[in-house]
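Student: I am attaching a structure below and will ask some questions about it afterwards.
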Amino acid sequence: MTASDQPAEPTLPVGVGPWPGGPDAWPDDPRYDRDLLAHGDARNVVDAYRYWTMDAIVADLDTRRHAFHVAIENWQHDMNIGSIVRSANAFLAAEVHIIGRRRWNRRGAMVTDRYQHVRHHESVADFAAWADAASLPIIAIDNVPGSVPLPQADLPEACVLLFGQEGPGLSPEAVAAASGVVEIAQYGSTRSINASAAGAVVMYEWCRRWA
Ligand SMILES: C[S@@+](CC[C@H](N)C(=O)[O-])C[C@H]1O[C@@H](n2cnc3c(N)ncnc32)[C@H](O)[C@@H]1O
């Protein structure tokens, strides 16, 4: 049998269908969205939030968000930003900060940005002033001279993890605004991993220590 003779993989349904039993069986809870109850819920949400309105999900997340924030410089419309926002949602960051251009590439976020608080700062100076007012140390993440390997690095419970862009990495102003710079050890030939991969590694490590 050749590969082309193989039967096609059946496509698995995504999410859940209409609430079983019809409208008479719908739960009497304002967190449930009547349209989703009627038509099913194929959104990328964990099962506990199936059929919930977006506002109800955000309100519930807000009761248990972690103390770390995530920031990324956006001077070049970097595609990684969406993926970082998705990881910030998965690891339940307090907020995401976009520094530089207001418009950012949402593609990799897969709609997770709607469940995340995202704040814009015009410049590194504005961002640093905000972090200072919020008493949040800025921890820069990059593999530049002087950076501390992640296992030995201080990751305070309340902090902002600041990432750079593909190509240039963190700007000198961003590194100067940070109270520490943290690197992820690498072993191959490439100079770096992409910013969203670095984001997932460091957010996972923060959660391992604090969540
Ligand atoms: C593609 S890297 C570019 C910069 C890198 N400093 C270089 O020399 O090529 C983009 C961003 O990903 C993150 N990153 C990539 N690899 C990293 C690593 N090994 N350790 C810490 N951060 C890293 C940093 O936030 C960095 O600013």
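Residues in the structure tokens are named by chain (A, B, ... in the order shown) and by number from 1 within that chain; ligands are numbered from 1 in the order shown.
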Run DSSP on the backbone and grab whatever in stretch 87-178 of chain A lands in strand (DSSP E); send it over as a PyMOL selection string.
Tutor: chain A and resi 96-100+118-121+138-141+148-149+159-163
Student: Take the residues from that selection and put them in a file with N, CA and C atoms, as a CSV table (one decimal), in the first residue's frame.
Tutor:
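Result file is out-v2.csv:
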```
chain,number,residue,atom,x,y,z
A,96,VAL,N,0.8,42.5,29.9
A,96,VAL,CA,1.8,42.5,28.9
A,96,VAL,C,2.0,43.9,28.5
A,97,HIS,N,3.3,44.3,28.3
A,97,HIS,CA,3.6,45.7,28.0
A,97,HIS,C,4.3,45.7,26.6
A,98,ILE,N,3.8,46.5,25.7
A,98,ILE,CA,4.4,46.7,24.4
A,98,ILE,C,5.1,48.0,24.4
A,99,ILE,N,6.4,48.0,24.1
A,99,ILE,CA,7.2,49.2,24.1
A,99,ILE,C,7.6,49.6,22.7
A,100,GLY,N,7.2,50.8,22.3
A,100,GLY,CA,7.5,51.3,20.9
A,100,GLY,C,6.3,51.4,20.1
A,118,VAL,N,-3.2,44.3,28.1
A,118,VAL,CA,-2.0,44.7,27.3
A,118,VAL,C,-1.9,46.2,27.4
A,119,ARG,N,-0.8,46.7,27.8
A,119,ARG,CA,-0.6,48.2,27.9
A,119,ARG,C,0.6,48.6,27.0
A,120,HIS,N,0.4,49.8,26.4
A,120,HIS,CA,1.4,50.3,25.5
A,120,HIS,C,2.2,51.4,26.1
A,121,HIS,N,3.5,51.5,25.8
A,121,HIS,CA,4.4,52.5,26.3
A,121,HIS,C,5.1,53.1,25.0
A,138,ILE,N,12.8,45.6,36.8
A,138,ILE,CA,12.8,45.2,35.4
A,138,ILE,C,13.9,44.1,35.2
A,139,ILE,N,13.6,42.9,34.8
A,139,ILE,CA,14.6,41.9,34.6
A,139,ILE,C,14.7,41.7,33.1
A,140,ALA,N,15.8,42.1,32.5
A,140,ALA,CA,16.0,42.0,31.1
A,140,ALA,C,16.4,40.5,30.8
A,141,ILE,N,15.9,40.0,29.7
A,141,ILE,CA,16.2,38.6,29.3
A,141,ILE,C,16.9,38.7,27.9
A,148,VAL,N,23.3,36.9,33.6
A,148,VAL,CA,23.5,35.8,34.6
A,148,VAL,C,22.6,34.6,34.1
A,149,PRO,N,23.2,33.4,34.1
A,149,PRO,CA,22.5,32.2,33.7
A,149,PRO,C,21.2,32.0,34.5
A,159,CYS,N,7.8,41.3,39.3
A,159,CYS,CA,8.8,41.9,38.5
A,159,CYS,C,8.3,42.0,37.1
A,160,VAL,N,9.0,42.6,36.2
A,160,VAL,CA,8.7,42.7,34.8
A,160,VAL,C,9.8,42.0,34.0
A,161,LEU,N,9.4,41.0,33.2
A,161,LEU,CA,10.4,40.3,32.4
A,161,LEU,C,10.4,40.9,31.0
A,162,LEU,N,11.6,41.5,30.6
A,162,LEU,CA,11.6,42.3,29.4
A,162,LEU,C,12.4,41.6,28.3
A,163,PHE,N,11.8,41.4,27.2
A,163,PHE,CA,12.4,40.7,26.0
A,163,PHE,C,12.7,41.7,24.9
```
Student: Give me, as a ChimeraX atom specification, all polymer residues having an atom no more than 12 Å from A:Arg86, counting only C-alpha atoms and skipping those fewer than 4 positions away in the same chain.
Tutor: /A:44-45,70,80-82,90-93,95-96,106-118,196-197,199-200,203
Student: With only C-alpha atoms and all ligand atoms counted and 8 Å as the cut-off, give the residues of chain A in contact with ligand 1, each with its shortest interatomic distance in Å and the pair that gives it, as CSV.
Tutor:
```
residue,atom,partner,partner_atom_place_in_ligand_line,distance
A:Ile72,CA,ligand 1,25 (O),7.9
A:Ala140,CA,ligand 1,25 (O),7.2
A:Ile141,CA,ligand 1,22 (N),4.6
A:Asp142,CA,ligand 1,22 (N),3.4
A:Asn143,CA,ligand 1,20 (N),4.4
A:Val144,CA,ligand 1,6 (N),5.5
A:Leu162,CA,ligand 1,25 (O),6.8
A:Phe163,CA,ligand 1,25 (O),3.6
A:Gly164,CA,ligand 1,27 (O),3.1
A:Gln165,CA,ligand 1,10 (C),4.5
A:Glu166,CA,ligand 1,1 (C),4.1
A:Gly167,CA,ligand 1,3 (C),5.0
A:Pro168,CA,ligand 1,4 (C),5.5
A:Gly169,CA,ligand 1,27 (O),3.3
A:Leu170,CA,ligand 1,27 (O),4.4
A:Val182,CA,ligand 1,21 (C),6.1
A:Glu183,CA,ligand 1,20 (N),3.7
A:Ile184,CA,ligand 1,20 (N),3.8
A:Ala185,CA,ligand 1,19 (N),5.6
A:Gln186,CA,ligand 1,19 (N),5.8
A:Arg191,CA,ligand 1,9 (O),5.1
A:Ser192,CA,ligand 1,16 (N),3.8
A:Ile193,CA,ligand 1,16 (N),4.0
A:Asn194,CA,ligand 1,1 (C),4.7
A:Ala195,CA,ligand 1,12 (O),3.3
A:Ser196,CA,ligand 1,12 (O),6.9
A:Ala197,CA,ligand 1,15 (C),7.5
A:Ala198,CA,ligand 1,14 (N),5.1
A:Gly199,CA,ligand 1,13 (C),7.2
```
Student: For the residues in the current selection, export N, CA and C atoms as a compact mmCIF listing (two decimals), in the first residue's frame.
Tutor:
```txt
# COMPACT_ATOMS: atom_id res chain seq x y z
N ILE A 72 7.88 43.65 25.98
CA ILE A 72 8.69 43.40 24.79
C ILE A 72 8.82 44.68 23.98
N ALA A 140 15.81 42.11 32.52
CA ALA A 140 16.01 41.97 31.07
C ALA A 140 16.40 40.53 30.76
N ILE A 141 15.86 40.01 29.66
CA ILE A 141 16.18 38.65 29.25
C ILE A 141 16.93 38.73 27.92
N ASP A 142 18.21 38.44 27.97
CA ASP A 142 19.01 38.44 26.72
C ASP A 142 20.37 37.81 27.02
N ASN A 143 20.99 37.31 25.95
CA ASN A 143 22.31 36.71 26.14
C ASN A 143 23.38 37.71 25.70
N VAL A 144 23.57 38.68 26.56
CA VAL A 144 24.57 39.72 26.29
C VAL A 144 25.66 39.60 27.35
N LEU A 162 11.58 41.47 30.64
CA LEU A 162 11.65 42.31 29.43
C LEU A 162 12.43 41.59 28.33
N PHE A 163 11.79 41.44 27.16
CA PHE A 163 12.38 40.71 26.04
C PHE A 163 12.67 41.66 24.87
N GLY A 164 13.68 41.27 24.06
CA GLY A 164 14.05 42.05 22.89
C GLY A 164 13.48 41.47 21.61
N GLN A 165 13.86 42.07 20.51
CA GLN A 165 13.28 41.67 19.22
C GLN A 165 14.23 40.79 18.43
N GLU A 166 13.67 40.09 17.44
CA GLU A 166 14.49 39.35 16.50
C GLU A 166 15.50 40.31 15.88
N GLY A 167 16.70 39.85 15.67
CA GLY A 167 17.73 40.70 15.07
C GLY A 167 18.49 41.48 16.13
N PRO A 168 18.02 42.69 16.44
CA PRO A 168 18.82 43.52 17.35
C PRO A 168 18.82 43.06 18.79
N GLY A 169 17.83 42.29 19.21
CA GLY A 169 17.72 41.95 20.63
C GLY A 169 17.30 43.19 21.42
N LEU A 170 17.63 43.22 22.70
CA LEU A 170 17.23 44.37 23.53
C LEU A 170 18.04 45.60 23.16
N VAL A 182 19.34 38.38 32.33
CA VAL A 182 19.32 36.92 32.52
C VAL A 182 19.44 36.24 31.17
N GLU A 183 20.28 35.20 31.10
CA GLU A 183 20.40 34.46 29.84
C GLU A 183 20.01 33.00 30.01
N ILE A 184 19.56 32.42 28.90
CA ILE A 184 19.23 30.99 28.84
C ILE A 184 20.42 30.31 28.17
N ALA A 185 21.00 29.32 28.83
CA ALA A 185 22.17 28.65 28.26
C ALA A 185 21.82 27.96 26.95
N GLN A 186 22.70 28.03 25.99
CA GLN A 186 22.52 27.34 24.71
C GLN A 186 23.77 26.49 24.45
N ARG A 191 23.19 31.85 17.50
CA ARG A 191 23.47 32.87 18.52
C ARG A 191 22.35 32.96 19.56
N SER A 192 21.12 32.63 19.12
CA SER A 192 19.99 32.85 20.03
C SER A 192 18.83 31.95 19.65
N ILE A 193 17.89 31.80 20.58
CA ILE A 193 16.60 31.21 20.25
C ILE A 193 15.65 32.37 19.96
N ASN A 194 14.45 32.09 19.45
CA ASN A 194 13.62 33.27 19.16
C ASN A 194 12.99 33.79 20.45
N ALA A 195 12.57 35.03 20.39
CA ALA A 195 12.14 35.72 21.61
C ALA A 195 10.95 35.01 22.26
N SER A 196 10.05 34.45 21.44
CA SER A 196 8.89 33.81 22.06
C SER A 196 9.29 32.51 22.75
N ALA A 197 10.28 31.80 22.19
CA ALA A 197 10.77 30.59 22.87
C ALA A 197 11.44 31.00 24.18
N ALA A 198 12.24 32.06 24.15
CA ALA A 198 12.89 32.55 25.37
C ALA A 198 11.82 32.95 26.40
N GLY A 199 10.75 33.57 25.92
CA GLY A 199 9.66 33.97 26.82
C GLY A 199 9.05 32.77 27.52
```
Student: Looking at A:Asp60, A:Val202, A:Met79, A:Asp47, which one is nearest to A:Leu150, with distances taken over only C-alpha atoms?
Tutor: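 Nearest candidate to A:Leu150 out of A:Asp60, A:Val202, A:Met79, A:Asp47: A:Val202.
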Student: Hey, can you check how far atom CA of A:Phe68 sits from atom CA of A:Ala94?
Tutor: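 Straight-line distance from atom CA of A:Phe68 to atom CA of A:Ala94 works out to 5.9 Å.
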Student: With only C-alpha atoms counted and 6 Å as the cut-off, give the residues of stretch 51-155 of chain A in contact with stretch 24-42 of chain A, each with its shortest interatomic distance in Å and the pair that gives it, as CSV.
Tutor:
```
residue,atom,partner,partner_atom,distance
A:Tyr51,CA,A:Leu36,CA,5.3
A:Trp52,CA,A:Tyr32,CA,4.3
A:Thr53,CA,A:Asp33,CA,5.0
A:Ala56,CA,A:Arg31,CA,5.4
```
Student: Take the residues that were just selected and, keeping C-alpha atoms, output them as a short mmCIF file (atom, residue, chain, number, x, y, z; two decimals), in the first residue's frame.
Tutor:
```
data_model
loop_
_atom_site.label_atom_id
_atom_site.label_comp_id
_atom_site.auth_asym_id
_atom_site.auth_seq_id
_atom_site.Cartn_x
_atom_site.Cartn_y
_atom_site.Cartn_z
CA TYR A 51 -19.52 28.21 27.28
CA TRP A 52 -18.39 31.13 29.52
CA THR A 53 -18.58 34.68 28.19
CA ALA A 56 -16.58 36.17 32.75
#
```
Student: Per DSSP on the backbone, filter stretch 37-179 of chain A down to the residues in helix (DSSP H, G or I) and report them as a ChimeraX atom specification.
Tutor: /A:37-39,47-49,54-62,80-90,107-109,112-115,124-133,150-152,172-177
Student: Would you mind reading off the distance between atom CA of A:Ser171 and atom CA of A:Ala125, one decimal, in Å?
Tutor: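 For atom CA of A:Ser171 relative to atom CA of A:Ala125, the distance reads 11.9 Å.
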Student: What does the distance between atom CA of A:Arg209 and atom CA of A:Gly146 come to in Å, to one decimal place?
Tutor: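 Calculated distance between atom CA of A:Arg209 and atom CA of A:Gly146 is 23.0 Å.
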